[in-house]
Amino acid sequence: MGEVMKLSTYMLRRVIFSIFSLLGLSVLVFTLSRVLPGDPARMAAGPRAPEWVVEQIRTQLNLDKPLFVQYILWIEDVLRGDLGYSLTTRRSVTLDVIEFLPATLELILLSTIIFIIGAIVLGTIAGRWAYRTPDNIVRAFAYVGVSTPAFVWAIIFQLIFAWWLGWFPIQGSFSEGITPPPRITGFKLIDSIISGNFIAFKDYLWHMILPSLALAMSPMAQTARIIRTSMVENAGKDFIALAESHGLPERLIMLKYLLKPSLIPAVTVMGMSIAALLSNAFLVEVVFNWPGFSRYAISAMLNKDLNAIVASVLIIGIVYAISNIIVDIVVAYLDPRIRYMERGE
Amino acid sequence: MSKLKLRIINLRRKRGSSETQKTSPRVESLKRAWYNFRKSPLSLIGLGISLFCIIVAVFAPHIAPYPEHAGFYINFDEAYQPPSWKHPFGTDAYGRDVLSRVFFGFRFSLMMAAVVLSLVVPPGVVLGLIAGYYRGTWVDMLIMRIADIFIAVPPLVLALAICSVLEPNVFNAMMAVSLMWWPWYTRLVYNTVSSIRNEYYVIAAELLGVSKAHIMFKEILPNCLGPILTKLTLDIGYVILIGASLSFVGLGAQPPTPDLGTMVSEGAKYLPNYWWVAIFPALAIAFIILGFNLLGDGIRDIFVSER
């Protein structure tokens, strides 16, 4: 009982800590977006607008007030769910987030599944045949995988598997002639199942494969390497020798007694993998023209659409914080020692 | 007072040197580091690739077959030539030799890494030292909470946002990346300092009334150099990656700058027929990052095996 209490207070502390970090992040991006560009009102109006229009926008956006007051007014709106008006899409940024975020989350979720399965398979193969040919191949792959940026993978995959071999679609999310499912949850995979449109489901999934794979490569390589190392370490431990001396079948030892504890170090670096996925999505979505939130954010950035830029950093921050908390829960569930180790205490 | 201090320092020196006698301890430890480093062929490959990239970058104007192709240069007769002996990586839409531009691209990548890291490491390290030394006080709280804010979002996302509100160019990209990179060093040093804050030599120095700056920089900092150096080498690849990503989406270096990321995004327009325009610069990015990652792993192995 006491155990459960401790875990929940730890989690509560984590959540409160994240909220404060996010508030700090909001101050940071808000300040940067109001201070760095020079005159945001001029930027919103465009270079050719007359001075009185700029003046009007300045009053409208509260830019004539001190920065501190501007922030308070802005954060009040944000907490109410109003992220401001987007100059790119000419409507509320909140609506844009609702429209574009699900597609990015779907992509990231699929690549998480791909990289976890891939890493476990590769890591186990390398750990089982440590210092032999399979291990060397996996290690070489791991080095190349970690070093190659996701957008480079994206372009290579697009060239080979889409352009040359024609196995996968080149870009976009639906083929021509496919009716997309009606909007229910915003997650197109779920929507197409709900509406019974399995052709759309298959087509959408087909479009997701290459971008997800490009995103998954680097975390897969990283995680496979960690699993391999900790399997090799654990293989020399007494509990494995015990299992072997009891004559347990090798497959059972490998999968149950060796692989399971070896996954813990891999899970603890999941936060880093998620950071990689979230940031690389920005580039991969551009390559595959994926209609997600990151591509939206990039076009906002190229158009200097301040409200949308600030909102996209905040949204990514929130997604990042939530996924880190989930990772923490998984880690604490797997290994109760971890929760006492925060900040090297 | 100062005599006592000298005696303690001498004692400490003696104890330190008793492990490695004969030649000077510094040479000895360098030798041992090199021995640990060259044990792994991967580290040597990494060192080779890194040196190759640095040499190519430094001597790009002399090595590149067509150095004038680095910037504005148009020769439509030579456009879209596939890889050949004359142009090993082919030519791009303006008839420029892709290989020459890749050589110059190494320059921009390495310059990015050098500028960013030299701007970021000193303040990051000093802040980490201060926060770690004054652990548990308001100074620690202030510095580390501010650092946490920068870490609350993946580095690339914040760098993209900062670049976007500024004018997109190489200089601003460097500034943007530097602005969000220091907290990682602050955190690293903070954690290292926390673990050695209460060692006897630190307490002894405090009791002797040695200045705080002396304790931080002369007593504590040398013990943080291993992790800092390791992170520094691994970060070279990471900064190059971020820089290439920024220019890939159009928020960093602008054409006709021969930046690898810009070259990939420009070349991606001509897929699949003129694939070499994008693919060779893309592979060059992977190559240079691979080199510095292998080198960084080798350096980490040195410090791990010394412990």
# chains A, B, ... in the order shown; residues from 1 in each chain; ligands from 1
call {"tool": "select_by_dssp", "arguments": {"residues": "region 243-296 of chain B", "states": "alpha helix (DSSP H)", "output": "PyMOL selection string"}}
result
chain B and resi 243-248+260-268+276-296
call {"tool": "residues_around", "arguments": {"residues": "Gly132 (chain B)", "least_positions_apart": "5", "cutoff": "7 Å", "atoms": "only C-alpha atoms", "output": "MDAnalysis selection string"}}
result
chainID B and resid 140 190 193:194
call {"tool": "interface_residues", "arguments": {"of": "chain B", "to": "chain A", "cutoff": "6 Å", "atoms": "only C-alpha atoms", "output": "number ranges by chain"}}
result
B: 149, 153-154, 156-157, 164-166, 282, 286, 289-290
call {"tool": "residues_around", "arguments": {"residues": "Leu110 (chain B)", "least_positions_apart": "6", "cutoff": "8 Å", "atoms": "only C-alpha atoms", "output": "CSV table (one decimal) with C-alpha atoms, in the first residue's frame"}}
result
chain,number,residue,atom,x,y,z
B,54,ILE,CA,38.4,18.6,-41.5
B,57,ALA,CA,36.9,21.5,-45.3
B,236,ILE,CA,29.8,17.9,-33.0
B,240,ILE,CA,25.9,19.3,-37.7
call {"tool": "residues_around", "arguments": {"residues": "region 94-103 of chain A", "least_positions_apart": "4", "cutoff": "12 Å", "atoms": "only C-alpha atoms", "output": "PDB file with N, CA and C atoms, in the first residue's frame"}}
result
ATOM      1  N   ASP A  77      -5.749  33.811 -22.571  1.00  0.00           N
ATOM      2  CA  ASP A  77      -6.411  33.267 -23.763  1.00  0.00           C
ATOM      3  C   ASP A  77      -6.002  31.821 -23.999  1.00  0.00           C
ATOM      4  N   VAL A  78      -4.683  31.562 -23.880  1.00  0.00           N
ATOM      5  CA  VAL A  78      -4.179  30.216 -24.152  1.00  0.00           C
ATOM      6  C   VAL A  78      -4.800  29.214 -23.197  1.00  0.00           C
ATOM      7  N   LEU A  79      -4.882  29.587 -21.907  1.00  0.00           N
ATOM      8  CA  LEU A  79      -5.443  28.657 -20.930  1.00  0.00           C
ATOM      9  C   LEU A  79      -6.924  28.419 -21.199  1.00  0.00           C
ATOM     10  N   ARG A  80      -7.561  29.391 -21.842  1.00  0.00           N
ATOM     11  CA  ARG A  80      -8.964  29.196 -22.223  1.00  0.00           C
ATOM     12  C   ARG A  80      -9.074  28.385 -23.518  1.00  0.00           C
ATOM     13  N   GLY A  81      -7.927  28.067 -24.118  1.00  0.00           N
ATOM     14  CA  GLY A  81      -7.947  27.259 -25.341  1.00  0.00           C
ATOM     15  C   GLY A  81      -7.917  28.091 -26.602  1.00  0.00           C
ATOM     16  N   ASP A  82      -7.627  29.372 -26.486  1.00  0.00           N
ATOM     17  CA  ASP A  82      -7.574  30.229 -27.663  1.00  0.00           C
ATOM     18  C   ASP A  82      -6.120  30.582 -27.965  1.00  0.00           C
ATOM     19  N   LEU A  83      -5.598  29.997 -29.037  1.00  0.00           N
ATOM     20  CA  LEU A  83      -4.183  30.193 -29.355  1.00  0.00           C
ATOM     21  C   LEU A  83      -3.957  31.342 -30.330  1.00  0.00           C
ATOM     22  N   GLY A  84      -5.012  32.086 -30.620  1.00  0.00           N
ATOM     23  CA  GLY A  84      -4.851  33.226 -31.523  1.00  0.00           C
ATOM     24  C   GLY A  84      -5.216  32.879 -32.958  1.00  0.00           C
ATOM     25  N   TYR A  85      -4.936  33.849 -33.844  1.00  0.00           N
ATOM     26  CA  TYR A  85      -5.372  33.757 -35.224  1.00  0.00           C
ATOM     27  C   TYR A  85      -4.160  33.461 -36.094  1.00  0.00           C
ATOM     28  N   SER A  86      -4.304  32.512 -37.005  1.00  0.00           N
ATOM     29  CA  SER A  86      -3.176  32.160 -37.861  1.00  0.00           C
ATOM     30  C   SER A  86      -3.205  32.953 -39.157  1.00  0.00           C
ATOM     31  N   LEU A  87      -2.061  33.515 -39.517  1.00  0.00           N
ATOM     32  CA  LEU A  87      -1.994  34.271 -40.769  1.00  0.00           C
ATOM     33  C   LEU A  87      -1.896  33.339 -41.971  1.00  0.00           C
ATOM     34  N   THR A  88      -1.408  32.101 -41.749  1.00  0.00           N
ATOM     35  CA  THR A  88      -1.250  31.175 -42.859  1.00  0.00           C
ATOM     36  C   THR A  88      -2.589  30.604 -43.292  1.00  0.00           C
ATOM     37  N   THR A  89      -3.352  30.085 -42.317  1.00  0.00           N
ATOM     38  CA  THR A  89      -4.609  29.434 -42.687  1.00  0.00           C
ATOM     39  C   THR A  89      -5.795  30.379 -42.557  1.00  0.00           C
ATOM     40  N   ARG A  90      -5.573  31.589 -42.059  1.00  0.00           N
ATOM     41  CA  ARG A  90      -6.630  32.599 -41.891  1.00  0.00           C
ATOM     42  C   ARG A  90      -7.784  32.094 -41.033  1.00  0.00           C
ATOM     43  N   LEU A 107       1.437   9.133 -36.986  1.00  0.00           N
ATOM     44  CA  LEU A 107       2.749   8.823 -37.569  1.00  0.00           C
ATOM     45  C   LEU A 107       3.739   8.437 -36.471  1.00  0.00           C
ATOM     46  N   ILE A 108       3.755   9.233 -35.399  1.00  0.00           N
ATOM     47  CA  ILE A 108       4.718   8.998 -34.329  1.00  0.00           C
ATOM     48  C   ILE A 108       4.416   7.692 -33.606  1.00  0.00           C
ATOM     49  N   LEU A 109       3.121   7.413 -33.428  1.00  0.00           N
ATOM     50  CA  LEU A 109       2.739   6.167 -32.769  1.00  0.00           C
ATOM     51  C   LEU A 109       3.187   4.964 -33.592  1.00  0.00           C
ATOM     52  N   LEU A 110       2.936   5.015 -34.900  1.00  0.00           N
ATOM     53  CA  LEU A 110       3.334   3.891 -35.753  1.00  0.00           C
ATOM     54  C   LEU A 110       4.853   3.724 -35.730  1.00  0.00           C
ATOM     55  N   GLY A 172       1.903  12.278 -49.598  1.00  0.00           N
ATOM     56  CA  GLY A 172       0.506  12.496 -49.243  1.00  0.00           C
ATOM     57  C   GLY A 172      -0.022  11.459 -48.275  1.00  0.00           C
ATOM     58  N   SER A 173      -1.351  11.481 -48.057  1.00  0.00           N
ATOM     59  CA  SER A 173      -1.920  10.550 -47.091  1.00  0.00           C
ATOM     60  C   SER A 173      -3.007   9.663 -47.703  1.00  0.00           C
ATOM     61  N   ARG A 183     -14.853  13.037 -40.768  1.00  0.00           N
ATOM     62  CA  ARG A 183     -14.096  13.410 -39.595  1.00  0.00           C
ATOM     63  C   ARG A 183     -14.890  13.119 -38.329  1.00  0.00           C
ATOM     64  N   ILE A 184     -14.421  12.168 -37.527  1.00  0.00           N
ATOM     65  CA  ILE A 184     -15.109  11.868 -36.270  1.00  0.00           C
ATOM     66  C   ILE A 184     -14.163  12.173 -35.103  1.00  0.00           C
ATOM     67  N   THR A 185     -13.041  11.448 -35.037  1.00  0.00           N
ATOM     68  CA  THR A 185     -12.071  11.718 -33.977  1.00  0.00           C
ATOM     69  C   THR A 185     -10.916  12.573 -34.491  1.00  0.00           C
ATOM     70  N   GLY A 186     -10.746  12.628 -35.806  1.00  0.00           N
ATOM     71  CA  GLY A 186      -9.591  13.326 -36.364  1.00  0.00           C
ATOM     72  C   GLY A 186      -8.469  12.359 -36.677  1.00  0.00           C
ATOM     73  N   PHE A 187      -8.426  11.241 -35.940  1.00  0.00           N
ATOM     74  CA  PHE A 187      -7.441  10.202 -36.243  1.00  0.00           C
ATOM     75  C   PHE A 187      -7.996   9.378 -37.399  1.00  0.00           C
ATOM     76  N   LYS A 188      -7.347   9.494 -38.566  1.00  0.00           N
ATOM     77  CA  LYS A 188      -7.962   8.933 -39.765  1.00  0.00           C
ATOM     78  C   LYS A 188      -8.041   7.415 -39.725  1.00  0.00           C
ATOM     79  N   LEU A 189      -7.079   6.779 -39.041  1.00  0.00           N
ATOM     80  CA  LEU A 189      -7.146   5.317 -38.938  1.00  0.00           C
ATOM     81  C   LEU A 189      -8.393   4.899 -38.161  1.00  0.00           C
ATOM     82  N   ILE A 190      -8.648   5.594 -37.049  1.00  0.00           N
ATOM     83  CA  ILE A 190      -9.811   5.262 -36.222  1.00  0.00           C
ATOM     84  C   ILE A 190     -11.094   5.614 -36.964  1.00  0.00           C
ATOM     85  N   ASP A 191     -11.091   6.800 -37.592  1.00  0.00           N
ATOM     86  CA  ASP A 191     -12.273   7.237 -38.331  1.00  0.00           C
ATOM     87  C   ASP A 191     -12.661   6.252 -39.409  1.00  0.00           C
ATOM     88  N   TYR A 204      -4.418   4.589 -46.240  1.00  0.00           N
ATOM     89  CA  TYR A 204      -3.782   5.541 -45.325  1.00  0.00           C
ATOM     90  C   TYR A 204      -2.575   4.898 -44.656  1.00  0.00           C
ATOM     91  N   LEU A 205      -2.776   3.655 -44.200  1.00  0.00           N
ATOM     92  CA  LEU A 205      -1.683   2.930 -43.556  1.00  0.00           C
ATOM     93  C   LEU A 205      -0.524   2.764 -44.532  1.00  0.00           C
ATOM     94  N   HIS A 207       0.315   4.733 -46.910  1.00  0.00           N
ATOM     95  CA  HIS A 207       1.025   6.008 -47.017  1.00  0.00           C
ATOM     96  C   HIS A 207       1.888   6.286 -45.791  1.00  0.00           C
ATOM     97  N   MET A 208       1.515   5.679 -44.655  1.00  0.00           N
ATOM     98  CA  MET A 208       2.237   5.963 -43.414  1.00  0.00           C
ATOM     99  C   MET A 208       3.559   5.210 -43.312  1.00  0.00           C
ATOM    100  N   PRO A 211       7.173   7.166 -44.210  1.00  0.00           N
ATOM    101  CA  PRO A 211       7.532   8.198 -43.230  1.00  0.00           C
ATOM    102  C   PRO A 211       7.800   7.627 -41.837  1.00  0.00           C
ATOM    103  N   SER A 212       6.976   6.669 -41.400  1.00  0.00           N
ATOM    104  CA  SER A 212       7.197   6.112 -40.058  1.00  0.00           C
ATOM    105  C   SER A 212       8.521   5.379 -39.997  1.00  0.00           C
ATOM    106  N   LEU A 278       9.710  13.423 -32.275  1.00  0.00           N
ATOM    107  CA  LEU A 278       8.938  14.665 -32.375  1.00  0.00           C
ATOM    108  C   LEU A 278       9.651  15.686 -33.248  1.00  0.00           C
ATOM    109  N   ALA A 281       9.952  14.561 -37.021  1.00  0.00           N
ATOM    110  CA  ALA A 281       8.684  14.595 -37.745  1.00  0.00           C
ATOM    111  C   ALA A 281       8.585  15.876 -38.570  1.00  0.00           C
ATOM    112  N   GLU A 285       7.832  14.943 -42.408  1.00  0.00           N
ATOM    113  CA  GLU A 285       6.533  15.327 -42.949  1.00  0.00           C
ATOM    114  C   GLU A 285       6.695  16.228 -44.168  1.00  0.00           C
ATOM    115  N   ASN A 289       5.339  15.198 -47.665  1.00  0.00           N
ATOM    116  CA  ASN A 289       4.169  16.052 -47.783  1.00  0.00           C
ATOM    117  C   ASN A 289       3.013  15.508 -46.950  1.00  0.00           C
ATOM    118  N   TRP A 290       3.313  15.066 -45.762  1.00  0.00           N
ATOM    119  CA  TRP A 290       2.320  14.464 -44.871  1.00  0.00           C
ATOM    120  C   TRP A 290       1.489  15.573 -44.227  1.00  0.00           C
ATOM    121  N   PRO A 291       0.165  15.491 -44.331  1.00  0.00           N
ATOM    122  CA  PRO A 291      -0.653  16.618 -43.836  1.00  0.00           C
ATOM    123  C   PRO A 291      -0.765  16.642 -42.322  1.00  0.00           C
ATOM    124  N   GLY A 292       0.360  16.762 -41.639  1.00  0.00           N
ATOM    125  CA  GLY A 292       0.343  16.727 -40.188  1.00  0.00           C
ATOM    126  C   GLY A 292       0.667  18.072 -39.578  1.00  0.00           C
ATOM    127  N   PHE A 293       0.790  18.055 -38.247  1.00  0.00           N
ATOM    128  CA  PHE A 293       1.008  19.281 -37.504  1.00  0.00           C
ATOM    129  C   PHE A 293       2.398  19.860 -37.763  1.00  0.00           C
ATOM    130  N   SER A 294       3.388  18.985 -37.936  1.00  0.00           N
ATOM    131  CA  SER A 294       4.743  19.475 -38.127  1.00  0.00           C
ATOM    132  C   SER A 294       4.886  20.201 -39.455  1.00  0.00           C
ATOM    133  N   ARG A 295       4.247  19.662 -40.497  1.00  0.00           N
ATOM    134  CA  ARG A 295       4.319  20.342 -41.782  1.00  0.00           C
ATOM    135  C   ARG A 295       3.621  21.700 -41.686  1.00  0.00           C
ATOM    136  N   TYR A 296       2.504  21.717 -40.940  1.00  0.00           N
ATOM    137  CA  TYR A 296       1.801  22.976 -40.706  1.00  0.00           C
ATOM    138  C   TYR A 296       2.714  23.972 -39.987  1.00  0.00           C
ATOM    139  N   ALA A 297       3.419  23.465 -38.955  1.00  0.00           N
ATOM    140  CA  ALA A 297       4.313  24.343 -38.181  1.00  0.00           C
ATOM    141  C   ALA A 297       5.424  24.886 -39.068  1.00  0.00           C
ATOM    142  N   ALA A 300       4.101  27.595 -41.181  1.00  0.00           N
ATOM    143  CA  ALA A 300       3.917  28.784 -40.346  1.00  0.00           C
ATOM    144  C   ALA A 300       5.254  29.480 -40.111  1.00  0.00           C
ATOM    145  N   ASN A 307       1.711  33.599 -34.116  1.00  0.00           N
ATOM    146  CA  ASN A 307       0.815  32.849 -33.232  1.00  0.00           C
ATOM    147  C   ASN A 307       0.959  31.353 -33.446  1.00  0.00           C
ATOM    148  N   ALA A 308       1.034  30.967 -34.711  1.00  0.00           N
ATOM    149  CA  ALA A 308       1.139  29.542 -35.015  1.00  0.00           C
ATOM    150  C   ALA A 308       2.497  28.987 -34.580  1.00  0.00           C
ATOM    151  N   ILE A 309       3.553  29.803 -34.699  1.00  0.00           N
ATOM    152  CA  ILE A 309       4.884  29.333 -34.287  1.00  0.00           C
ATOM    153  C   ILE A 309       4.903  29.084 -32.782  1.00  0.00           C
ATOM    154  N   VAL A 310       4.436  30.079 -32.022  1.00  0.00           N
ATOM    155  CA  VAL A 310       4.417  29.941 -30.563  1.00  0.00           C
ATOM    156  C   VAL A 310       3.572  28.733 -30.168  1.00  0.00           C
ATOM    157  N   ALA A 311       2.398  28.615 -30.804  1.00  0.00           N
ATOM    158  CA  ALA A 311       1.508  27.499 -30.476  1.00  0.00           C
ATOM    159  C   ALA A 311       2.174  26.169 -30.783  1.00  0.00           C
ATOM    160  N   SER A 312       2.886  26.090 -31.904  1.00  0.00           N
ATOM    161  CA  SER A 312       3.444  24.783 -32.246  1.00  0.00           C
ATOM    162  C   SER A 312       4.536  24.371 -31.270  1.00  0.00           C
ATOM    163  N   VAL A 313       5.347  25.347 -30.797  1.00  0.00           N
ATOM    164  CA  VAL A 313       6.361  24.982 -29.794  1.00  0.00           C
ATOM    165  C   VAL A 313       5.672  24.494 -28.514  1.00  0.00           C
ATOM    166  N   LEU A 314       4.611  25.218 -28.108  1.00  0.00           N
ATOM    167  CA  LEU A 314       3.915  24.816 -26.886  1.00  0.00           C
ATOM    168  C   LEU A 314       3.286  23.433 -27.017  1.00  0.00           C
ATOM    169  N   ILE A 315       2.642  23.189 -28.169  1.00  0.00           N
ATOM    170  CA  ILE A 315       1.980  21.893 -28.358  1.00  0.00           C
ATOM    171  C   ILE A 315       3.011  20.764 -28.329  1.00  0.00           C
ATOM    172  N   ILE A 316       4.138  20.976 -29.024  1.00  0.00           N
ATOM    173  CA  ILE A 316       5.179  19.942 -29.005  1.00  0.00           C
ATOM    174  C   ILE A 316       5.683  19.757 -27.576  1.00  0.00           C
ATOM    175  N   VAL A 319       3.086  17.647 -25.759  1.00  0.00           N
ATOM    176  CA  VAL A 319       3.157  16.247 -26.196  1.00  0.00           C
ATOM    177  C   VAL A 319       4.395  15.580 -25.602  1.00  0.00           C
TER     178      VAL A 319
END
call {"tool": "residues_around", "arguments": {"residues": "Val304 (chain B)", "least_positions_apart": "5", "cutoff": "10 Å", "atoms": "only C-alpha atoms", "output": "PyMOL selection string"}}
result
chain B and resi 36+226-227+298-299
call {"tool": "write_last_selection", "arguments": {"atoms": "C-alpha atoms", "output": "short mmCIF file (atom, residue, chain, number, x, y, z; two decimals), in the first residue's frame"}}
result
data_model
loop_
_atom_site.label_atom_id
_atom_site.label_comp_id
_atom_site.auth_asym_id
_atom_site.auth_seq_id
_atom_site.Cartn_x
_atom_site.Cartn_y
_atom_site.Cartn_z
CA ASN B 36 42.71 2.72 -24.88
CA GLY B 226 36.07 13.87 -19.02
CA PRO B 227 32.29 14.03 -19.36
CA GLY B 298 36.11 6.26 -28.78
CA ILE B 299 36.75 9.19 -26.45
#
call {"tool": "closest_residue", "arguments": {"among": "A:Leu252, A:Ala221, A:Val327, A:Ala200", "to": "Val121 (chain A)", "atoms": "only C-alpha atoms"}}
result
A:Ala221
